[in-house]
Amino acid sequence: MLLDIKNIHAHVEGDEDKEILKGLSLQVNVGEVHAIMGPNGAGKSTLSSVISGNEDYEVSAGEMTFNGKDILEEDPEDRARQGMFLAFQYPVEIPGVSNKLFMQTSLNAIREEQSLPALDMFDFDQYAQEKMQLLNMNKDMLERSVNVGFSGGEKKRNDIFQMALLAPKLCILDETDSGLDIDAMKIVANGVNSLRSKDRGFILITHYQRLLDYIKPDFVHVLYDGKIIKSAGFELAHELEKNGYDQIIADYQAAKN
Amino acid sequence: MSDRLEYNTEYEEINELLTSKSGGYKEGFFTKTKVNTFAKGLDEDVVRAISSKKNEPQWMLDFRLKAYRHWITLEEPHWAKLEYVPLDYQNFSYYSAPECSACSSDDGDSQLEISEVDEEVAKAFASLGVPVAGNADAEKPNIAVDAIFDSVSVSTTKREDLAELGIIFCSFSEAVHEYPELVQKYIGSVVRYDDNFFASLNSAVASDGTFVYIPENVRCPIDLSTYFRINEAKTGQFERTIVIADKGSYVSYLEGCSAPARDAYQLHAAVVEVIVLDDAEVKYSTVQNWYPGDKDNEGGILNFVTKRGICKGKNSKMSWTQAETGSAITWKYPSCILFGDNSIGEFYSVALTNNRQQADTGTKMIHIGKNTSSTIISKGLSAGVSQNTYRGMVKILPTAENARNFTQCDSMLIGDKCGAHTFPYIEVENSTATMEHEATTSRIGDDQLFYCKQRGIGEEDAISMIVNGFCKDVFKELPLEFAQEAEELLAISLEGSVG
């Protein structure tokens, strides 16, 4: 199993009363695409933060293994080096640092973990050019500062480009579709689809069903109240689109009481 | 000169003690050599004694005395955003030199012959990577170096090659003897003896420094450089540097600084005067890495420096670039007087403070000539519990038709106990002026760090990447080797500042 989350409880760092994940479990195998949907405030972004090791959140109970290894105590950079990638809801700007330097440093950190030799500037450039075509990116992008002056769509595309470069085992997309127009979304979806493989798993966290029409997931989960309250196949996305979350939530509340 | 002013000492090995105290400051070693140091204290006799040690002509002594007599009427200024107890100027020694130095020789030439560089001093410079005569680095092709150890210049390399082009590159003391007309003409012409408290002090007790003259239409083919090293405890270094670029000439001048880790303050009050004539250009770069004191603010260099360049001729250009990472206290405003029409002044600065360091630094751009333009880019980085202040003045005089200024000052905070302050002064007396001012303050965000880490980049690498990105606009102005040194310095100075 690629990612195995068992009964995870998590709260905001330093605020134990504010539990956000309340016993969440999720299993992801390679080759699978899982969509996590849910209303605002359900804990969707917390889930991506907890999986990737963001220190703003503290896990108080539960287990999490990645490639069969317990990673709860590991730093985010170590998780990343083992093949975990998060596409951010709001990709961060780093002024004065070129995309080229940033991604070369990143890629070489990951290659080092895999005992591969570092890529020099020229090899990296060549490798990056191939991936850029995939996402229809401007050639000058590599020279520009990381996400500085990028439009919302460009930032998301840049994150997917990074994902293509790093070829991770597990890709988590945190509301990557939010704020994208339909063309940008198609480009992002194309990028993701081209990376789908039997050796790689995906978690798509999204508010809307729109993206899922382009990236057909194998599983759809409804996250509510810090737990997965319903899981099913792709058809669940359509059901949610038609009926909203109300019925599923009502069923969950009834079962809880 | 009375004998009571001097004593000879030999120091004990205290490296071990210091390494444990100074942590990451790798220049914090101490050189054990026989030295000739004046007793602490300052009065007219001391000023005369310094002058006599250097066998100076009467006019130089007169200049010193005039400055000294003015200085004693002044009070130490405390308008900067720096907190320190007023210094006891009687508690510093005002002259120190390696004993085998030729300073006291009778021929009046304070410059050492190659064979005369004290072995220990030469070793000290070698371990700092500074080329001095006789060490392997001296043959580095692209740079000529004047190495200054406490109060004296111990070696100047590549002089013969430069002399063929008519370029004068020597110690200040030597220039006083060899080129008295030039020194007399220009000393105090940009920074007067009564300019400010520290400039007056420097004029009175100036130790050594570098003298550069680039003749008409000569483009200096290599970088000229001075490396300053304060070794002696409780000593001041008061170097005086004069750079003159005659019509149509160009020079790139670099200075680097370091000092041993000491638990007492050391005083550094330098004056630099740069004169740029018609169509000439001077690029002046500094990497300042004086000992900043330890984490509890014990010791460190007090750095009170007056640097000023005058673009005297038309179409002249003066450019200051500084990377300031050291010193317990920095008080420094490299300035440009834009006198010639169409002259250009530039100031690019990175100032980093960590632990309890305090810096109050910036620039002054005084526009006098027509169509003069100036650019100021200042990047302040504060970490630990340090305070970092940008203080800048742009003044457009009524004669300065069509003057332009662009100012950008950005501050970055690392951690939440440090401070960043910006005090821009703008005085415009000519309505044709164009002024632009931008200022930002940001924090190294947890979100930036997490973004880097999620891409597999470790915390220290991430911080160094973010910080260097922040400083990029300034570092790209530094000569290549210096830029690399500055980047490394930032990384060392920031070690352990986050998390």
# chains A, B, ... in the order shown; residues from 1 in each chain; ligands from 1
>>> residues_around(residues="stretch 162-178 of chain A", least_positions_apart="4", cutoff="8 Å", atoms="only C-alpha atoms", output="mmCIF file with N, CA, C and O atoms, in the first residue's frame")
data_model
loop_
_atom_site.group_PDB
_atom_site.id
_atom_site.type_symbol
_atom_site.label_atom_id
_atom_site.label_comp_id
_atom_site.auth_asym_id
_atom_site.auth_seq_id
_atom_site.Cartn_x
_atom_site.Cartn_y
_atom_site.Cartn_z
ATOM 1 N N LEU A 2 0.448 2.248 -0.804
ATOM 2 C CA LEU A 2 1.248 3.464 -0.934
ATOM 3 C C LEU A 2 1.076 4.355 0.293
ATOM 4 O O LEU A 2 2.042 4.773 0.917
ATOM 5 N N VAL A 30 -0.913 2.410 -5.338
ATOM 6 C CA VAL A 30 -0.385 2.942 -6.594
ATOM 7 C C VAL A 30 -1.368 2.633 -7.712
ATOM 8 O O VAL A 30 -2.096 1.637 -7.657
ATOM 9 N N SER A 45 -8.194 20.766 3.555
ATOM 10 C CA SER A 45 -6.823 21.261 3.460
ATOM 11 C C SER A 45 -5.969 20.781 4.618
ATOM 12 O O SER A 45 -4.768 20.564 4.470
ATOM 13 N N SER A 48 -4.422 17.481 3.647
ATOM 14 C CA SER A 48 -3.220 17.538 2.802
ATOM 15 C C SER A 48 -2.022 18.010 3.615
ATOM 16 O O SER A 48 -0.899 17.554 3.418
ATOM 17 N N GLY A 83 9.159 10.708 -2.077
ATOM 18 C CA GLY A 83 8.226 10.613 -3.201
ATOM 19 C C GLY A 83 6.840 11.172 -2.948
ATOM 20 O O GLY A 83 5.880 10.793 -3.622
ATOM 21 N N MET A 84 6.723 12.083 -1.990
ATOM 22 C CA MET A 84 5.413 12.688 -1.744
ATOM 23 C C MET A 84 5.408 14.110 -2.300
ATOM 24 O O MET A 84 6.346 14.863 -2.085
ATOM 25 N N PHE A 85 4.378 14.450 -3.028
ATOM 26 C CA PHE A 85 4.328 15.785 -3.633
ATOM 27 C C PHE A 85 2.981 16.432 -3.359
ATOM 28 O O PHE A 85 1.929 15.811 -3.520
ATOM 29 N N LEU A 86 3.023 17.694 -2.963
ATOM 30 C CA LEU A 86 1.795 18.444 -2.726
ATOM 31 C C LEU A 86 1.717 19.622 -3.693
ATOM 32 O O LEU A 86 2.621 20.465 -3.723
ATOM 33 N N ALA A 87 0.660 19.653 -4.492
ATOM 34 C CA ALA A 87 0.393 20.846 -5.305
ATOM 35 C C ALA A 87 -0.476 21.756 -4.447
ATOM 36 O O ALA A 87 -1.531 21.340 -3.967
ATOM 37 N N PHE A 88 0.009 22.983 -4.238
ATOM 38 C CA PHE A 88 -0.596 23.859 -3.233
ATOM 39 C C PHE A 88 -1.858 24.555 -3.732
ATOM 40 O O PHE A 88 -1.983 24.888 -4.907
ATOM 41 N N GLN A 89 -2.745 24.812 -2.766
ATOM 42 C CA GLN A 89 -3.910 25.629 -3.083
ATOM 43 C C GLN A 89 -3.460 27.040 -3.457
ATOM 44 O O GLN A 89 -3.959 27.637 -4.392
ATOM 45 N N MET A 103 14.005 24.500 -8.757
ATOM 46 C CA MET A 103 13.670 23.134 -9.131
ATOM 47 C C MET A 103 14.893 22.244 -9.273
ATOM 48 O O MET A 103 14.829 21.050 -9.015
ATOM 49 N N LEU A 107 15.041 18.924 -7.269
ATOM 50 C CA LEU A 107 15.226 17.647 -7.970
ATOM 51 C C LEU A 107 16.475 16.931 -7.465
ATOM 52 O O LEU A 107 16.459 15.721 -7.232
ATOM 53 N N ILE A 110 16.035 15.229 -4.176
ATOM 54 C CA ILE A 110 15.293 13.981 -4.310
ATOM 55 C C ILE A 110 16.153 12.899 -4.971
ATOM 56 O O ILE A 110 16.139 11.740 -4.569
ATOM 57 N N TYR A 127 16.260 18.378 -19.395
ATOM 58 C CA TYR A 127 15.199 17.603 -18.781
ATOM 59 C C TYR A 127 13.951 18.476 -18.578
ATOM 60 O O TYR A 127 12.825 18.069 -18.864
ATOM 61 N N ALA A 128 14.185 19.728 -18.123
ATOM 62 C CA ALA A 128 13.069 20.625 -17.844
ATOM 63 C C ALA A 128 12.326 21.009 -19.122
ATOM 64 O O ALA A 128 11.094 21.079 -19.137
ATOM 65 N N LYS A 131 9.610 18.619 -20.065
ATOM 66 C CA LYS A 131 8.420 18.676 -19.217
ATOM 67 C C LYS A 131 7.614 19.947 -19.464
ATOM 68 O O LYS A 131 6.398 19.982 -19.268
ATOM 69 N N LYS A 156 -0.597 27.574 -10.653
ATOM 70 C CA LYS A 156 -1.051 26.188 -10.546
ATOM 71 C C LYS A 156 -0.351 25.323 -11.585
ATOM 72 O O LYS A 156 0.051 24.200 -11.320
ATOM 73 N N ASN A 158 2.526 25.895 -12.800
ATOM 74 C CA ASN A 158 3.912 25.736 -12.356
ATOM 75 C C ASN A 158 4.021 24.595 -11.346
ATOM 76 O O ASN A 158 4.970 23.803 -11.375
ATOM 77 N N MET A 185 -7.809 24.930 -16.477
ATOM 78 C CA MET A 185 -8.141 23.670 -15.831
ATOM 79 C C MET A 185 -7.861 22.489 -16.754
ATOM 80 O O MET A 185 -7.362 21.450 -16.327
ATOM 81 N N GLY A 191 -2.096 17.647 -17.706
ATOM 82 C CA GLY A 191 -0.842 17.369 -17.015
ATOM 83 C C GLY A 191 -1.002 16.183 -16.082
ATOM 84 O O GLY A 191 -0.189 15.250 -16.071
ATOM 85 N N LEU A 195 0.427 12.091 -16.245
ATOM 86 C CA LEU A 195 1.275 11.526 -15.185
ATOM 87 C C LEU A 195 0.656 10.287 -14.534
ATOM 88 O O LEU A 195 1.289 9.619 -13.733
ATOM 89 N N ASP A 199 2.356 3.136 -11.346
ATOM 90 C CA ASP A 199 3.332 3.250 -10.260
ATOM 91 C C ASP A 199 3.065 4.449 -9.359
ATOM 92 O O ASP A 199 3.897 4.797 -8.531
ATOM 93 N N ARG A 200 1.938 5.112 -9.557
ATOM 94 C CA ARG A 200 1.754 6.388 -8.885
ATOM 95 C C ARG A 200 0.328 6.516 -8.385
ATOM 96 O O ARG A 200 -0.605 6.078 -9.045
ATOM 97 N N GLY A 201 0.163 7.096 -7.199
ATOM 98 C CA GLY A 201 -1.178 7.329 -6.679
ATOM 99 C C GLY A 201 -1.476 8.819 -6.618
ATOM 100 O O GLY A 201 -0.563 9.645 -6.547
ATOM 101 N N PHE A 202 -2.776 9.168 -6.659
ATOM 102 C CA PHE A 202 -3.182 10.574 -6.600
ATOM 103 C C PHE A 202 -4.245 10.782 -5.537
ATOM 104 O O PHE A 202 -5.120 9.935 -5.346
ATOM 105 N N ILE A 203 -4.170 11.924 -4.872
ATOM 106 C CA ILE A 203 -5.284 12.371 -4.039
ATOM 107 C C ILE A 203 -5.671 13.753 -4.555
ATOM 108 O O ILE A 203 -4.852 14.678 -4.540
ATOM 109 N N LEU A 204 -6.894 13.893 -5.060
ATOM 110 C CA LEU A 204 -7.375 15.185 -5.545
ATOM 111 C C LEU A 204 -8.335 15.746 -4.516
ATOM 112 O O LEU A 204 -9.380 15.155 -4.262
ATOM 113 N N ILE A 205 -7.951 16.853 -3.924
ATOM 114 C CA ILE A 205 -8.857 17.479 -2.981
ATOM 115 C C ILE A 205 -9.566 18.599 -3.727
ATOM 116 O O ILE A 205 -8.913 19.462 -4.322
ATOM 117 N N THR A 206 -10.859 18.560 -3.754
ATOM 118 C CA THR A 206 -11.562 19.570 -4.553
ATOM 119 C C THR A 206 -12.938 19.892 -3.976
ATOM 120 O O THR A 206 -13.547 19.100 -3.270
ATOM 121 N N HIS A 207 -13.355 21.063 -4.305
ATOM 122 C CA HIS A 207 -14.636 21.555 -3.860
ATOM 123 C C HIS A 207 -15.697 21.285 -4.924
ATOM 124 O O HIS A 207 -16.863 21.174 -4.653
ATOM 125 N N LEU A 211 -13.421 19.516 -12.079
ATOM 126 C CA LEU A 211 -12.116 18.943 -12.396
ATOM 127 C C LEU A 211 -12.215 17.434 -12.612
ATOM 128 O O LEU A 211 -11.519 16.862 -13.448
#
>>> closest_atom_pairs(of="chain B", to="chain A", cutoff="7 Å", atoms="only C-alpha atoms", output="Markdown table")
| residue | atom | partner | partner_atom | distance |
| --- | --- | --- | --- | --- |
| B:Asp447 | CA | A:Val92 | CA | 6.9 |
| B:Gln448 | CA | A:Val92 | CA | 6.0 |
| B:Phe450 | CA | A:Asn54 | CA | 6.9 |
| B:Tyr451 | CA | A:Val92 | CA | 6.7 |
| B:Lys453 | CA | A:Glu77 | CA | 4.5 |
| B:Gln454 | CA | A:Glu77 | CA | 5.4 |
| B:Arg455 | CA | A:Ser106 | CA | 5.5 |
| B:Gly456 | CA | A:Glu77 | CA | 4.2 |
| B:Ile457 | CA | A:Ser106 | CA | 5.7 |
| B:Gly458 | CA | A:Glu77 | CA | 6.0 |
| B:Met465 | CA | A:Val97 | CA | 6.9 |
| B:Ile466 | CA | A:Ile94 | CA | 6.5 |
| B:Gly469 | CA | A:Gly96 | CA | 3.8 |
| B:Phe470 | CA | A:Gly96 | CA | 5.6 |
| B:Lys472 | CA | A:Gly96 | CA | 5.8 |
>>> atom_distance(atom1="atom CA of B:Asp62", atom2="atom CA of B:Pro77")
25.1 Å
>>> atom_distance(atom1="atom CA of B:Glu401", atom2="atom CA of B:Gln322")
29.2 Å
>>> atom_distance(atom1="atom CA of B:Phe304", atom2="atom CA of B:Tyr95")
17.4 Å
>>> residues_around(residues="stretch 179-196 of chain B", least_positions_apart="4", cutoff="9 Å", atoms="only C-alpha atoms", output="ChimeraX atom specification")
/B:57,59-60,63-64,66-68,70-71,74,77,172,174-175,200-204,211,213,242,244,271-275,306-310,337
>>> residues_around(residues="A:Glu63", least_positions_apart="5", cutoff="12 Å", atoms="only C-alpha atoms", output="count of residues only")
21
>>> select_by_dssp(residues="stretch 64-221 of chain A", states="strand (DSSP E or B)", output="number ranges by chain")
A: 64-66, 69-70, 84-87, 94-98, 145-146, 170-174, 201-206, 219-221
>>> residues_around(residues="A:Tyr208", least_positions_apart="4", cutoff="10 Å", atoms="only C-alpha atoms", output="PyMOL selection string")
chain A and resi 37-39+175+177-178+212-213+237+240-241
>>> write_last_selection(atoms="N, CA and C atoms", output="compact mmCIF listing (two decimals), in the first residue's frame")
# COMPACT_ATOMS: atom_id res chain seq x y z
N MET A 37 -13.85 15.09 -1.51
CA MET A 37 -14.74 16.23 -1.65
C MET A 37 -15.38 16.52 -0.30
N GLY A 38 -15.95 17.70 -0.20
CA GLY A 38 -16.60 18.01 1.06
C GLY A 38 -16.87 19.50 1.15
N PRO A 39 -17.79 19.87 2.01
CA PRO A 39 -18.12 21.29 2.16
C PRO A 39 -16.97 22.05 2.81
N GLU A 175 -7.02 21.48 -3.87
CA GLU A 175 -7.88 22.46 -4.53
C GLU A 175 -7.17 23.17 -5.68
N ASP A 177 -7.88 23.16 -8.58
CA ASP A 177 -8.80 23.70 -9.58
C ASP A 177 -9.41 25.04 -9.17
N SER A 178 -9.28 25.42 -7.89
CA SER A 178 -9.94 26.66 -7.49
C SER A 178 -9.31 27.86 -8.16
N LEU A 212 -13.14 16.83 -11.86
CA LEU A 212 -13.24 15.37 -11.91
C LEU A 212 -13.76 14.87 -13.25
N ASP A 213 -14.47 15.76 -13.98
CA ASP A 213 -14.90 15.38 -15.32
C ASP A 213 -13.72 15.20 -16.26
N ALA A 237 -19.49 11.40 -7.41
CA ALA A 237 -19.26 12.80 -7.77
C ALA A 237 -20.49 13.38 -8.45
N LEU A 240 -23.28 13.93 -5.99
CA LEU A 240 -23.05 15.14 -5.19
C LEU A 240 -23.38 16.39 -6.01
N GLU A 241 -23.00 16.36 -7.27
CA GLU A 241 -23.26 17.49 -8.15
C GLU A 241 -24.77 17.76 -8.22
